[in-house]
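Below: model_37.cif (mmCIF, C-alpha atoms)
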data_work
#
loop_
_atom_site.group_PDB
_atom_site.id
_atom_site.type_symbol
_atom_site.label_atom_id
_atom_site.label_comp_id
_atom_site.auth_asym_id
_atom_site.auth_seq_id
_atom_site.Cartn_x
_atom_site.Cartn_y
_atom_site.Cartn_z
ATOM 1 C CA MET Q 142 123.324 99.684 101.561
ATOM 2 C CA LEU Q 143 120.552 101.100 99.383
ATOM 3 C CA THR Q 144 119.229 98.829 96.642
ATOM 4 C CA ARG Q 145 117.290 100.246 93.700
ATOM 5 C CA ILE Q 146 113.984 98.448 93.044
ATOM 6 C CA ALA Q 147 112.304 100.862 90.613
ATOM 7 C CA GLU Q 148 113.004 104.213 88.989
ATOM 8 C CA GLY Q 149 113.736 106.586 91.844
ATOM 9 C CA VAL Q 150 112.837 104.042 94.545
ATOM 10 C CA LEU Q 151 115.370 102.279 96.768
ATOM 11 C CA PHE Q 152 115.297 100.268 99.977
ATOM 12 C CA HIS Q 153 117.555 99.462 102.921
ATOM 13 C CA GLN Q 154 117.115 96.329 105.043
ATOM 14 C CA SER Q 155 118.032 95.971 108.713
ATOM 15 C CA GLU Q 156 119.820 92.841 109.866
ATOM 16 C CA LEU Q 157 117.998 91.351 112.855
ATOM 17 C CA LEU Q 158 114.337 91.884 111.949
ATOM 18 C CA GLN Q 159 114.783 92.430 108.214
ATOM 19 C CA ASN Q 160 112.975 95.776 108.403
ATOM 20 C CA ASN Q 161 112.736 97.531 105.065
ATOM 21 C CA ALA Q 162 113.217 101.299 104.905
ATOM 22 C CA VAL Q 163 112.094 102.818 101.603
ATOM 23 C CA VAL Q 164 113.570 105.879 99.884
ATOM 24 C CA VAL Q 165 111.643 107.650 97.127
ATOM 25 C CA GLN Q 166 113.422 110.351 95.159
ATOM 26 C CA GLY Q 167 111.533 113.565 94.476
ATOM 27 C CA ALA Q 168 112.258 116.908 92.842
ATOM 28 C CA SER Q 169 113.979 118.528 95.830
ATOM 29 C CA GLY Q 170 114.732 115.596 98.120
ATOM 30 C CA VAL Q 171 113.667 112.141 99.217
ATOM 31 C CA LEU Q 172 110.773 110.614 101.083
ATOM 32 C CA LEU Q 173 111.918 108.127 103.724
ATOM 33 C CA ALA Q 174 109.447 105.539 105.010
ATOM 34 C CA ASP Q 175 110.017 103.395 108.103
ATOM 35 C CA PRO Q 176 113.755 103.937 108.718
ATOM 36 C CA GLY Q 177 115.416 101.492 111.088
ATOM 37 C CA ILE Q 178 116.509 100.055 113.273
ATOM 38 C CA THR Q 179 119.859 100.321 115.123
ATOM 39 C CA GLY Q 180 121.903 103.479 115.429
ATOM 40 C CA ASP Q 181 124.563 102.122 113.084
ATOM 41 C CA GLU Q 182 121.949 101.109 110.514
ATOM 42 C CA LEU Q 183 120.289 104.525 110.652
ATOM 43 C CA THR Q 184 123.661 106.248 110.293
ATOM 44 C CA CYS Q 185 124.436 104.030 107.292
ATOM 45 C CA LEU Q 186 121.058 104.867 105.794
ATOM 46 C CA ALA Q 187 121.671 108.597 106.259
ATOM 47 C CA THR Q 188 125.097 108.299 104.606
ATOM 48 C CA ASP Q 189 123.656 106.414 101.640
ATOM 49 C CA ILE Q 190 120.953 109.060 101.195
ATOM 50 C CA ARG Q 191 123.537 111.868 101.270
ATOM 51 C CA GLU Q 192 125.418 110.067 98.520
ATOM 52 C CA LEU Q 193 122.281 110.361 96.372
ATOM 53 C CA GLY Q 194 122.834 114.124 96.536
ATOM 54 C CA GLN Q 195 119.407 114.839 98.038
ATOM 55 C CA PRO Q 196 118.243 115.626 101.580
ATOM 56 C CA VAL Q 197 115.367 113.920 103.357
ATOM 57 C CA VAL Q 198 112.385 116.262 102.862
ATOM 58 C CA ALA Q 199 109.637 114.013 104.255
ATOM 59 C CA GLY Q 200 109.288 110.900 106.347
ATOM 60 C CA PHE Q 201 106.411 108.484 106.800
ATOM 61 C CA ALA Q 202 105.618 105.909 109.466
ATOM 62 C CA THR Q 203 103.320 103.172 108.198
ATOM 63 C CA HIS Q 204 102.148 102.461 111.753
ATOM 64 C CA PRO Q 205 103.063 103.072 115.399
ATOM 65 C CA ASP Q 206 105.042 99.915 116.199
ATOM 66 C CA TRP Q 207 108.384 100.858 117.765
ATOM 67 C CA ASP Q 208 110.466 99.715 114.785
ATOM 68 C CA HIS Q 209 108.540 101.937 112.359
ATOM 69 C CA VAL Q 210 108.711 105.260 114.233
ATOM 70 C CA LEU Q 211 112.486 105.564 114.666
ATOM 71 C CA TRP Q 212 114.653 108.435 113.455
ATOM 72 C CA HIS Q 213 118.225 109.725 113.653
ATOM 73 C CA ALA Q 214 119.651 113.229 113.812
ATOM 74 C CA ASP Q 215 121.730 112.505 110.691
ATOM 75 C CA LEU Q 216 118.468 112.207 108.728
ATOM 76 C CA GLY Q 217 117.614 115.856 109.386
ATOM 77 C CA GLU Q 218 114.470 117.565 110.613
ATOM 78 C CA ALA Q 219 111.956 116.816 107.862
ATOM 79 C CA PRO Q 220 108.317 116.317 108.892
ATOM 80 C CA ARG Q 221 107.635 112.686 109.687
ATOM 81 C CA TYR Q 222 104.082 111.976 108.619
ATOM 82 C CA GLY Q 223 101.663 109.296 109.702
ATOM 83 C CA THR Q 224 97.916 108.818 109.708
ATOM 84 C CA ALA Q 225 95.936 110.734 112.308
ATOM 85 C CA ARG Q 226 95.399 107.557 114.343
ATOM 86 C CA CYS Q 227 99.085 106.636 114.160
ATOM 87 C CA ALA Q 228 100.116 110.083 115.399
ATOM 88 C CA GLU Q 229 97.479 110.021 118.150
ATOM 89 C CA PHE Q 230 98.763 106.663 119.385
ATOM 90 C CA MET Q 231 102.305 108.039 119.560
ATOM 91 C CA ARG Q 232 101.201 111.251 121.325
ATOM 92 C CA ASP Q 233 99.439 109.184 123.966
ATOM 93 C CA LEU Q 234 102.500 107.000 124.462
ATOM 94 C CA LEU Q 235 104.960 109.895 124.646
ATOM 95 C CA SER Q 236 102.757 111.716 127.159
ATOM 96 C CA ASN Q 237 103.666 109.066 129.751
ATOM 97 C CA ALA Q 238 106.618 109.979 131.946
ATOM 98 C CA ASP Q 239 107.933 106.423 131.706
ATOM 99 C CA TRP Q 240 107.442 105.974 127.946
ATOM 100 C CA LYS Q 241 111.086 105.049 127.365
ATOM 101 C CA ALA Q 242 110.831 102.232 129.873
ATOM 102 C CA GLN Q 243 107.603 101.036 128.237
ATOM 103 C CA VAL Q 244 109.239 101.010 124.802
ATOM 104 C CA ALA Q 245 112.418 99.388 126.101
ATOM 105 C CA ASP Q 246 110.402 96.480 127.481
ATOM 106 C CA GLY Q 247 109.376 95.558 123.933
ATOM 107 C CA LEU Q 248 112.780 95.830 122.251
ATOM 108 C CA PRO Q 249 114.724 92.743 121.166
ATOM 109 C CA PRO Q 250 117.230 92.176 123.982
ATOM 110 C CA GLU Q 251 120.008 91.415 121.486
ATOM 111 C CA ILE Q 252 120.002 94.996 120.185
ATOM 112 C CA ALA Q 253 118.080 96.982 122.820
ATOM 113 C CA ASP Q 254 121.121 99.099 123.696
ATOM 114 C CA GLU Q 255 121.725 99.901 120.022
ATOM 115 C CA ILE Q 256 118.302 101.399 119.245
ATOM 116 C CA PRO Q 257 118.193 105.222 119.479
ATOM 117 C CA LEU Q 258 115.090 106.614 121.169
ATOM 118 C CA ASP Q 259 115.941 110.323 121.343
ATOM 119 C CA LEU Q 260 113.795 111.157 118.288
ATOM 120 C CA PHE Q 261 111.400 108.269 118.706
ATOM 121 C CA GLY Q 262 107.772 108.607 117.671
ATOM 122 C CA ARG Q 263 107.599 112.284 116.689
ATOM 123 C CA ILE Q 264 104.924 111.792 114.064
ATOM 124 C CA THR Q 265 103.126 114.653 112.305
ATOM 125 C CA ALA Q 266 99.466 113.766 111.889
ATOM 126 C CA LEU Q 267 97.917 114.006 108.465
ATOM 127 C CA PRO Q 268 94.262 115.094 108.459
ATOM 128 C CA PRO Q 269 91.877 112.124 108.759
ATOM 129 C CA GLY Q 270 91.105 110.658 105.367
ATOM 130 C CA THR Q 271 94.189 112.119 103.653
ATOM 131 C CA ALA Q 272 94.593 110.126 100.449
ATOM 132 C CA GLN Q 273 97.848 111.565 99.104
ATOM 133 C CA LEU Q 274 101.136 112.351 100.813
ATOM 134 C CA PRO Q 275 101.969 116.088 100.720
ATOM 135 C CA TRP Q 276 105.414 116.293 99.180
ATOM 136 C CA ASP Q 277 107.273 117.411 96.042
ATOM 137 C CA GLY Q 278 107.725 114.075 94.336
ATOM 138 C CA PRO Q 279 105.894 111.221 92.603
ATOM 139 C CA GLU Q 280 102.288 110.873 93.718
ATOM 140 C CA VAL Q 281 102.142 108.692 96.812
ATOM 141 C CA ARG Q 282 98.709 107.353 97.671
ATOM 142 C CA ILE Q 283 97.972 106.547 101.310
ATOM 143 C CA ILE Q 284 95.955 103.363 101.792
ATOM 144 C CA GLU Q 285 94.870 103.356 105.421
ATOM 145 C CA HIS Q 286 93.307 100.163 106.665
ATOM 146 C CA PRO Q 287 92.430 98.529 109.994
ATOM 147 C CA ALA Q 288 94.574 95.432 110.058
ATOM 148 C CA HIS Q 289 97.888 95.094 111.854
ATOM 149 C CA ALA Q 290 97.816 98.194 114.068
ATOM 150 C CA GLN Q 291 96.026 101.447 114.825
ATOM 151 C CA GLY Q 292 96.464 103.884 111.952
ATOM 152 C CA HIS Q 293 98.247 101.348 109.766
ATOM 153 C CA ALA Q 294 98.717 102.454 106.154
ATOM 154 C CA ALA Q 295 100.347 101.258 102.971
ATOM 155 C CA LEU Q 296 101.870 103.640 100.419
ATOM 156 C CA LEU Q 297 101.265 103.222 96.696
ATOM 157 C CA ILE Q 298 103.791 104.997 94.482
ATOM 158 C CA GLY Q 299 101.662 104.551 91.411
ATOM 159 C CA GLU Q 300 103.884 105.900 88.648
ATOM 160 C CA ARG Q 301 106.744 103.760 89.956
ATOM 161 C CA GLY Q 302 104.576 100.648 90.425
ATOM 162 C CA VAL Q 303 105.692 100.200 94.044
ATOM 163 C CA VAL Q 304 103.609 99.488 97.134
ATOM 164 C CA VAL Q 305 105.084 99.844 100.631
ATOM 165 C CA ALA Q 306 102.878 97.479 102.612
ATOM 166 C CA GLY Q 307 103.900 98.134 106.207
ATOM 167 C CA ASP Q 308 103.675 95.036 108.400
ATOM 168 C CA MET Q 309 101.691 92.933 105.949
ATOM 169 C CA LEU Q 310 102.473 90.517 103.094
ATOM 170 C CA SER Q 311 105.767 89.327 104.549
ATOM 171 C CA ASP Q 312 107.428 86.131 103.394
ATOM 172 C CA ILE Q 313 109.001 85.572 106.833
ATOM 173 C CA LEU Q 314 106.262 86.650 109.274
ATOM 174 C CA MET Q 315 102.692 85.414 109.395
ATOM 175 C CA PRO Q 316 99.944 88.024 109.924
ATOM 176 C CA PHE Q 317 99.762 89.735 113.305
ATOM 177 C CA PRO Q 318 96.183 91.049 113.625
ATOM 178 C CA ASP Q 319 95.562 93.973 115.968
ATOM 179 C CA LEU Q 320 94.354 92.101 119.035
ATOM 180 C CA GLY Q 321 93.167 95.329 120.628
ATOM 181 C CA ALA Q 322 90.628 95.936 117.864
ATOM 182 C CA ALA Q 323 86.953 95.074 118.170
ATOM 183 C CA ASP Q 324 87.183 92.730 115.179
ATOM 184 C CA PRO Q 325 90.830 91.761 114.555
ATOM 185 C CA ILE Q 326 90.038 89.093 111.955
ATOM 186 C CA GLY Q 327 87.500 91.148 110.050
ATOM 187 C CA ASP Q 328 89.809 94.165 110.054
ATOM 188 C CA TYR Q 329 92.693 92.123 108.701
ATOM 189 C CA LEU Q 330 90.583 90.738 105.869
ATOM 190 C CA VAL Q 331 89.550 94.300 104.986
ATOM 191 C CA GLY Q 332 93.212 95.317 104.831
ATOM 192 C CA LEU Q 333 94.018 92.423 102.525
ATOM 193 C CA ARG Q 334 91.131 93.346 100.230
ATOM 194 C CA LEU Q 335 92.377 96.929 99.983
ATOM 195 C CA LEU Q 336 95.857 95.758 99.045
ATOM 196 C CA GLU Q 337 94.410 93.267 96.585
ATOM 197 C CA ALA Q 338 92.445 96.092 94.953
ATOM 198 C CA VAL Q 339 95.673 97.871 93.917
ATOM 199 C CA ALA Q 340 97.637 94.758 92.944
ATOM 200 C CA ASP Q 341 97.135 95.408 89.219
ATOM 201 C CA ASP Q 342 99.000 98.707 89.644
ATOM 202 C CA VAL Q 343 101.962 97.109 91.413
ATOM 203 C CA ALA Q 344 105.190 95.742 89.957
ATOM 204 C CA VAL Q 345 107.157 95.698 93.232
ATOM 205 C CA LEU Q 346 105.993 94.958 96.776
ATOM 206 C CA VAL Q 347 108.045 96.078 99.775
ATOM 207 C CA PRO Q 348 106.834 94.449 103.006
ATOM 208 C CA GLY Q 349 107.759 95.818 106.397
ATOM 209 C CA HIS Q 350 109.897 92.733 107.010
ATOM 210 C CA GLY Q 351 111.365 90.197 104.617
ATOM 211 C CA SER Q 352 111.931 89.981 100.904
ATOM 212 C CA VAL Q 353 110.919 92.492 98.246
ATOM 213 C CA CYS Q 354 108.983 90.758 95.466
ATOM 214 C CA GLY Q 355 107.094 91.226 92.216
ATOM 215 C CA ALA Q 356 103.395 91.355 91.363
ATOM 216 C CA ASP Q 357 102.765 87.616 91.074
ATOM 217 C CA GLU Q 358 104.370 86.942 94.430
ATOM 218 C CA MET Q 359 102.367 89.806 95.960
ATOM 219 C CA ARG Q 360 99.139 88.081 94.965
ATOM 220 C CA ALA Q 361 100.432 84.782 96.342
ATOM 221 C CA ARG Q 362 101.265 86.455 99.653
ATOM 222 C CA ILE Q 363 97.789 87.981 99.842
ATOM 223 C CA GLU Q 364 96.304 84.506 99.453
ATOM 224 C CA LEU Q 365 98.689 83.035 102.033
ATOM 225 C CA ASP Q 366 97.884 85.767 104.560
ATOM 226 C CA ARG Q 367 94.160 85.384 103.915
ATOM 227 C CA ALA Q 368 94.371 81.626 104.434
ATOM 228 C CA TYR Q 369 96.232 82.122 107.723
ATOM 229 C CA VAL Q 370 93.734 84.650 109.062
ATOM 230 C CA GLU Q 371 90.738 82.585 107.994
ATOM 231 C CA ALA Q 372 92.245 79.565 109.744
ATOM 232 C CA LEU Q 373 92.508 81.595 112.952
ATOM 233 C CA ARG Q 374 88.899 82.694 112.498
ATOM 234 C CA ASP Q 375 87.701 79.125 112.023
ATOM 235 C CA GLY Q 376 89.825 77.573 114.766
ATOM 236 C CA ARG Q 377 91.874 75.542 112.283
ATOM 237 C CA THR Q 378 95.621 74.925 112.186
ATOM 238 C CA PRO Q 379 96.967 76.906 109.226
ATOM 239 C CA ASP Q 380 99.166 75.246 106.633
ATOM 240 C CA ASP Q 381 101.672 78.084 106.564
ATOM 241 C CA PRO Q 382 105.350 77.683 105.636
ATOM 242 C CA ARG Q 383 106.353 80.644 107.799
ATOM 243 C CA ILE Q 384 105.580 78.670 110.962
ATOM 244 C CA GLY Q 385 106.202 75.190 109.610
ATOM 245 C CA PRO Q 386 109.218 72.907 109.997
ATOM 246 C CA SER Q 387 110.812 74.255 106.814
ATOM 247 C CA ALA Q 388 110.758 77.888 108.019
ATOM 248 C CA THR Q 389 114.147 79.573 107.830
ATOM 249 C CA TYR Q 390 113.336 82.658 109.921
ATOM 250 C CA GLY Q 391 112.168 82.821 113.526
ATOM 251 C CA LYS Q 392 111.664 79.079 113.875
ATOM 252 C CA ASP Q 393 112.626 79.322 117.552
ATOM 253 C CA TRP Q 394 109.917 81.871 118.404
ATOM 254 C CA LEU Q 395 107.329 82.350 115.637
ATOM 255 C CA PRO Q 396 105.478 79.048 116.287
ATOM 256 C CA ALA Q 397 104.954 80.101 119.916
ATOM 257 C CA VAL Q 398 103.649 83.497 118.789
ATOM 258 C CA HIS Q 399 101.259 81.729 116.440
ATOM 259 C CA GLU Q 400 99.971 79.496 119.237
ATOM 260 C CA TRP Q 401 99.410 82.544 121.451
ATOM 261 C CA GLN Q 402 97.558 84.374 118.670
ATOM 262 C CA ALA Q 403 95.440 81.299 117.991
ATOM 263 C CA LYS Q 404 94.364 81.180 121.633
ATOM 264 C CA GLN Q 405 93.548 84.898 121.688
ATOM 265 C CA LEU Q 406 91.508 84.672 118.493
ATOM 266 C CA ALA Q 407 89.932 81.265 118.983
ATOM 267 C CA PRO Q 408 86.201 81.057 118.237
ATOM 268 C CA LYS Q 409 84.034 81.298 121.344
ATOM 269 C CA GLY Q 410 83.795 78.003 123.131
ATOM 270 C CA GLU Q 411 87.421 77.044 122.432
ATOM 271 C CA HIS Q 412 90.507 77.519 124.606
ATOM 272 C CA GLY Q 413 88.383 78.472 127.569
ATOM 273 C CA GLY Q 414 86.174 80.931 125.718
ATOM 274 C CA ASP Q 415 82.456 81.367 126.243
ATOM 275 C CA ALA Q 416 80.220 78.492 125.216
#
Would you write out, as structure tokens, the structure that this file holds?
Amino acid sequence: MLTRIAEGVLFHQSELLQNNAVVVQGASGVLLADPGITGDELTCLATDIRELGQPVVAGFATHPDWDHVLWHADLGEAPRYGTARCAEFMRDLLSNADWKAQVADGLPPEIADEIPLDLFGRITALPPGTAQLPWDGPEVRIIEHPAHAQGHAALLIGERGVVVAGDMLSDILMPFPDLGAADPIGDYLVGLRLLEAVADDVAVLVPGHGSVCGADEMRARIELDRAYVEALRDGRTPDDPRIGPSATYGKDWLPAVHEWQAKQLAPKGEHGGDA
């Protein structure tokens, strides 16, 4: 089901991972960001969009994680944009003969058989440094930042007061820095600063996973994410409700992910690092 969150902006949430797909209405059709994630959910999303009376004329993948580069034939053949680095990552992956097996290894086992991969990852690269999405609709600013993943970007729909944050600022997931980056912590803090810089223009935040919220909550989530990342940087245990005893989502697996991240990002000299 599509839920309206601003003039001409709607979202659809998946069940298992609470992925948020965002639909922005334009003059001749809609922009669809991060559709997901099962075949039935994508079919439902396509049906809901048809009921708006507009076709999908553009797609956008905020980053190259598997659950953000999905598509379905019912959504049509619109170009599916991403940053140059996002598209490059997907080209490299799809060039491997066994890419489907590689992707399948990372899918949630509960729904692995329900996730369509036929149109997976076919991202059209925008030129490096592109600041605005090329489409016939409200101006959509691309805010690329090195934080969660290669080529990660948020979308700011300025005249609608909506920011699509990709896999950041979630109320159910703590930050997942890009552990393959040279400076995962520093990169994440840069990403948070870039999102903070547009907060005054935002009335509605749509995270990649979890609850949509307003401007005040967006600022609170920025501070919570910053505190978590700084705790990882300093080797401290974060006071974070998303991994605490009162957490309502992922309490059987998120604490273990946090512990693993903490070990990977521990200051040198801790957890077996260099003295």
Evaluate the PyMOL selection byres ((chain Q and resi 391-398) around 12) and report residues as a PDB file with C-alpha atoms, in the coordinates of the input:
ATOM      1  CA  LEU Q 157     117.998  91.351 112.855  1.00  0.00           C
ATOM      2  CA  LEU Q 158     114.337  91.884 111.949  1.00  0.00           C
ATOM      3  CA  GLN Q 159     114.783  92.430 108.214  1.00  0.00           C
ATOM      4  CA  ASP Q 312     107.428  86.131 103.394  1.00  0.00           C
ATOM      5  CA  ILE Q 313     109.001  85.572 106.833  1.00  0.00           C
ATOM      6  CA  LEU Q 314     106.262  86.650 109.274  1.00  0.00           C
ATOM      7  CA  MET Q 315     102.692  85.414 109.395  1.00  0.00           C
ATOM      8  CA  PRO Q 316      99.944  88.024 109.924  1.00  0.00           C
ATOM      9  CA  PHE Q 317      99.762  89.735 113.305  1.00  0.00           C
ATOM     10  CA  PRO Q 318      96.183  91.049 113.625  1.00  0.00           C
ATOM     11  CA  GLY Q 351     111.365  90.197 104.617  1.00  0.00           C
ATOM     12  CA  THR Q 378      95.621  74.925 112.186  1.00  0.00           C
ATOM     13  CA  PRO Q 379      96.967  76.906 109.226  1.00  0.00           C
ATOM     14  CA  ASP Q 381     101.672  78.084 106.564  1.00  0.00           C
ATOM     15  CA  PRO Q 382     105.350  77.683 105.636  1.00  0.00           C
ATOM     16  CA  ARG Q 383     106.353  80.644 107.799  1.00  0.00           C
ATOM     17  CA  ILE Q 384     105.580  78.670 110.962  1.00  0.00           C
ATOM     18  CA  GLY Q 385     106.202  75.190 109.610  1.00  0.00           C
ATOM     19  CA  PRO Q 386     109.218  72.907 109.997  1.00  0.00           C
ATOM     20  CA  SER Q 387     110.812  74.255 106.814  1.00  0.00           C
ATOM     21  CA  ALA Q 388     110.758  77.888 108.019  1.00  0.00           C
ATOM     22  CA  THR Q 389     114.147  79.573 107.830  1.00  0.00           C
ATOM     23  CA  TYR Q 390     113.336  82.658 109.921  1.00  0.00           C
ATOM     24  CA  HIS Q 399     101.259  81.729 116.440  1.00  0.00           C
ATOM     25  CA  GLU Q 400      99.971  79.496 119.237  1.00  0.00           C
ATOM     26  CA  TRP Q 401      99.410  82.544 121.451  1.00  0.00           C
ATOM     27  CA  GLN Q 402      97.558  84.374 118.670  1.00  0.00           C
ATOM     28  CA  ALA Q 403      95.440  81.299 117.991  1.00  0.00           C
ATOM     29  CA  LYS Q 404      94.364  81.180 121.633  1.00  0.00           C
ATOM     30  CA  GLN Q 405      93.548  84.898 121.688  1.00  0.00           C
TER      31      GLN Q 405
END
Near Ile326 (chain Q), within 10 Å and counting all atoms listed in the file, which residues show up once chain neighbours fewer than 2 positions away are dropped, as a PDB file with C-alpha atoms, in the frame of the given file?
ATOM      1  CA  PRO Q 287      92.430  98.529 109.994  1.00  0.00           C
ATOM      2  CA  ALA Q 288      94.574  95.432 110.058  1.00  0.00           C
ATOM      3  CA  HIS Q 289      97.888  95.094 111.854  1.00  0.00           C
ATOM      4  CA  PHE Q 317      99.762  89.735 113.305  1.00  0.00           C
ATOM      5  CA  PRO Q 318      96.183  91.049 113.625  1.00  0.00           C
ATOM      6  CA  ASP Q 319      95.562  93.973 115.968  1.00  0.00           C
ATOM      7  CA  LEU Q 320      94.354  92.101 119.035  1.00  0.00           C
ATOM      8  CA  ALA Q 322      90.628  95.936 117.864  1.00  0.00           C
ATOM      9  CA  ALA Q 323      86.953  95.074 118.170  1.00  0.00           C
ATOM     10  CA  ASP Q 324      87.183  92.730 115.179  1.00  0.00           C
ATOM     11  CA  ASP Q 328      89.809  94.165 110.054  1.00  0.00           C
ATOM     12  CA  TYR Q 329      92.693  92.123 108.701  1.00  0.00           C
ATOM     13  CA  LEU Q 330      90.583  90.738 105.869  1.00  0.00           C
ATOM     14  CA  VAL Q 331      89.550  94.300 104.986  1.00  0.00           C
ATOM     15  CA  GLY Q 332      93.212  95.317 104.831  1.00  0.00           C
ATOM     16  CA  ARG Q 367      94.160  85.384 103.915  1.00  0.00           C
ATOM     17  CA  VAL Q 370      93.734  84.650 109.062  1.00  0.00           C
ATOM     18  CA  GLU Q 371      90.738  82.585 107.994  1.00  0.00           C
ATOM     19  CA  LEU Q 373      92.508  81.595 112.952  1.00  0.00           C
ATOM     20  CA  ARG Q 374      88.899  82.694 112.498  1.00  0.00           C
ATOM     21  CA  LEU Q 406      91.508  84.672 118.493  1.00  0.00           C
TER      22      LEU Q 406
END
Let me know the residues the PyMOL selection byres ((chain Q and resi 281) around 9) catches in the file above, as a short mmCIF file (atom, residue, chain, number, x, y, z; two decimals) with C-alpha atoms, in the coordinates of the input.
data_model
loop_
_atom_site.label_atom_id
_atom_site.label_comp_id
_atom_site.auth_asym_id
_atom_site.auth_seq_id
_atom_site.Cartn_x
_atom_site.Cartn_y
_atom_site.Cartn_z
CA ALA Q 272 94.59 110.13 100.45
CA GLN Q 273 97.85 111.56 99.10
CA LEU Q 274 101.14 112.35 100.81
CA PRO Q 275 101.97 116.09 100.72
CA TRP Q 276 105.41 116.29 99.18
CA GLY Q 278 107.72 114.08 94.34
CA PRO Q 279 105.89 111.22 92.60
CA GLU Q 280 102.29 110.87 93.72
CA ARG Q 282 98.71 107.35 97.67
CA ILE Q 283 97.97 106.55 101.31
CA LEU Q 296 101.87 103.64 100.42
CA LEU Q 297 101.26 103.22 96.70
CA ILE Q 298 103.79 105.00 94.48
CA GLY Q 299 101.66 104.55 91.41
CA GLU Q 300 103.88 105.90 88.65
#
Query raised in the report: Nearest to Asp366 (chain Q): which of Q:Met309, Q:Ile264, Q:Ile252, Q:Val353 is it, counting all atoms listed in the file?
Result: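 Of the candidates, the smallest distance to Asp366 (chain Q) is held by Q:Met309.
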Report task. May I ask which of the residues Q:Leu310, Q:Leu336, Q:Val244, Q:Leu211 is the closest one to His350 (chain Q), counting only C-alpha atoms? Result ->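 Ranked by minimum distance to His350 (chain Q), first place goes to Q:Leu310.
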Query raised in the report: Can you list, as a ChimeraX atom specification, every protein, DNA or RNA residue that comes within 8 Å of His213 (chain Q) when you count all atoms listed in the file, leaving out same-chain residues fewer than 4 positions away?
Result: /Q:180,183-184,217,257,260
**Report entry** Spatial neighbours of Val210 (chain Q), 9 Å, all atoms listed in the file, chain gap at least 3 places, as a list in words
**Finding:**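 Skipping anything fewer than 3 positions along the chain leaves Asp175, Pro176, Gly177, Phe201, Ala202, Thr203, His204, Pro205, Asp206, Trp207, Arg221, Met231, Leu260, Phe261, Gly262, Arg263 and Ile264 of chain Q.
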Report task. Quote the spacing between CA of Ser352 (chain Q) and CA of Phe152 (chain Q) in Å to one decimal place. Result ->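 These atoms are spaced 10.9 Å apart.
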Requested in this report: Identify, on the basis of only C-alpha atoms, every residue whose closest approach to region 189-200 of chain Q does not exceed 6 Å; exclude the query and any residue fewer than 2 positions from it along the same chain; express the result as a list of chain:residue names.
Outcome: Q:Gly170, Q:Val171, Q:Leu172, Q:Leu173, Q:Ala174, Q:Leu186, Q:Ala187, Q:Ala219, Q:Pro220, Q:Arg221, Q:Tyr222
**Report entry** Selected residue of minimal separation from Leu267 (chain Q) among Q:Ala238, Q:Met359, Q:Val303, Q:Cys227, counting all atoms listed in the file
**Finding:**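 Once distances to Leu267 (chain Q) are computed over all atoms listed in the file, the minimum belongs to Q:Cys227.
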Query - Closest of Q:Leu151, Q:Ala295, Q:Leu365, Q:Cys185 to Leu335 (chain Q) - atom-to-atom distances counting only C-alpha atoms - result: Q:Ala295
Report task. Using CA of Arg377 (chain Q) and CA of Ala407 (chain Q) as the two end points, give the distance in Å to one decimal. Result ->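 Computing it gives 9.0 Å between the two atoms.
The smallest atom-to-atom distance between Pro249 (chain Q) and any of Q:Asp208, Q:Asp215, Q:Pro408, Q:Ala162, using only C-alpha atoms, is found for Q:Asp208.
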Requested in this report: Would you mind telling me which residue in Q:Val150, Q:Leu216, Q:Ala368, Q:Val343 lies nearest to Gly167 (chain Q) when using all atoms listed in the file?
Outcome: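 That would be Q:Val150, the residue with the smallest distance to Gly167 (chain Q).
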Report summary line: From CA of Pro269 (chain Q) to CA of Gly302 (chain Q) the spacing works out at 25.1 Å
List, as a JSON list (two decimals) with C-alpha atoms, in the frame of the given file, every residue that the PyMOL selection byres ((chain Q and resi 146) around 12) selects in the file provided.
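Generated file (selection-v5.json):
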[["chain", "number", "residue", "atom", "x", "y", "z"],
["Q", 143, "LEU", "CA", 120.55, 101.10, 99.38],
["Q", 144, "THR", "CA", 119.23, 98.83, 96.64],
["Q", 145, "ARG", "CA", 117.29, 100.25, 93.70],
["Q", 147, "ALA", "CA", 112.30, 100.86, 90.61],
["Q", 148, "GLU", "CA", 113.00, 104.21, 88.99],
["Q", 149, "GLY", "CA", 113.74, 106.59, 91.84],
["Q", 150, "VAL", "CA", 112.84, 104.04, 94.54],
["Q", 151, "LEU", "CA", 115.37, 102.28, 96.77],
["Q", 152, "PHE", "CA", 115.30, 100.27, 99.98],
["Q", 153, "HIS", "CA", 117.56, 99.46, 102.92],
["Q", 163, "VAL", "CA", 112.09, 102.82, 101.60],
["Q", 164, "VAL", "CA", 113.57, 105.88, 99.88],
["Q", 165, "VAL", "CA", 111.64, 107.65, 97.13],
["Q", 301, "ARG", "CA", 106.74, 103.76, 89.96],
["Q", 302, "GLY", "CA", 104.58, 100.65, 90.42],
["Q", 303, "VAL", "CA", 105.69, 100.20, 94.04],
["Q", 304, "VAL", "CA", 103.61, 99.49, 97.13],
["Q", 305, "VAL", "CA", 105.08, 99.84, 100.63],
["Q", 344, "ALA", "CA", 105.19, 95.74, 89.96],
["Q", 345, "VAL", "CA", 107.16, 95.70, 93.23],
["Q", 346, "LEU", "CA", 105.99, 94.96, 96.78],
["Q", 347, "VAL", "CA", 108.04, 96.08, 99.78],
["Q", 352, "SER", "CA", 111.93, 89.98, 100.90],
["Q", 353, "VAL", "CA", 110.92, 92.49, 98.25],
["Q", 354, "CYS", "CA", 108.98, 90.76, 95.47],
["Q", 355, "GLY", "CA", 107.09, 91.23, 92.22]]
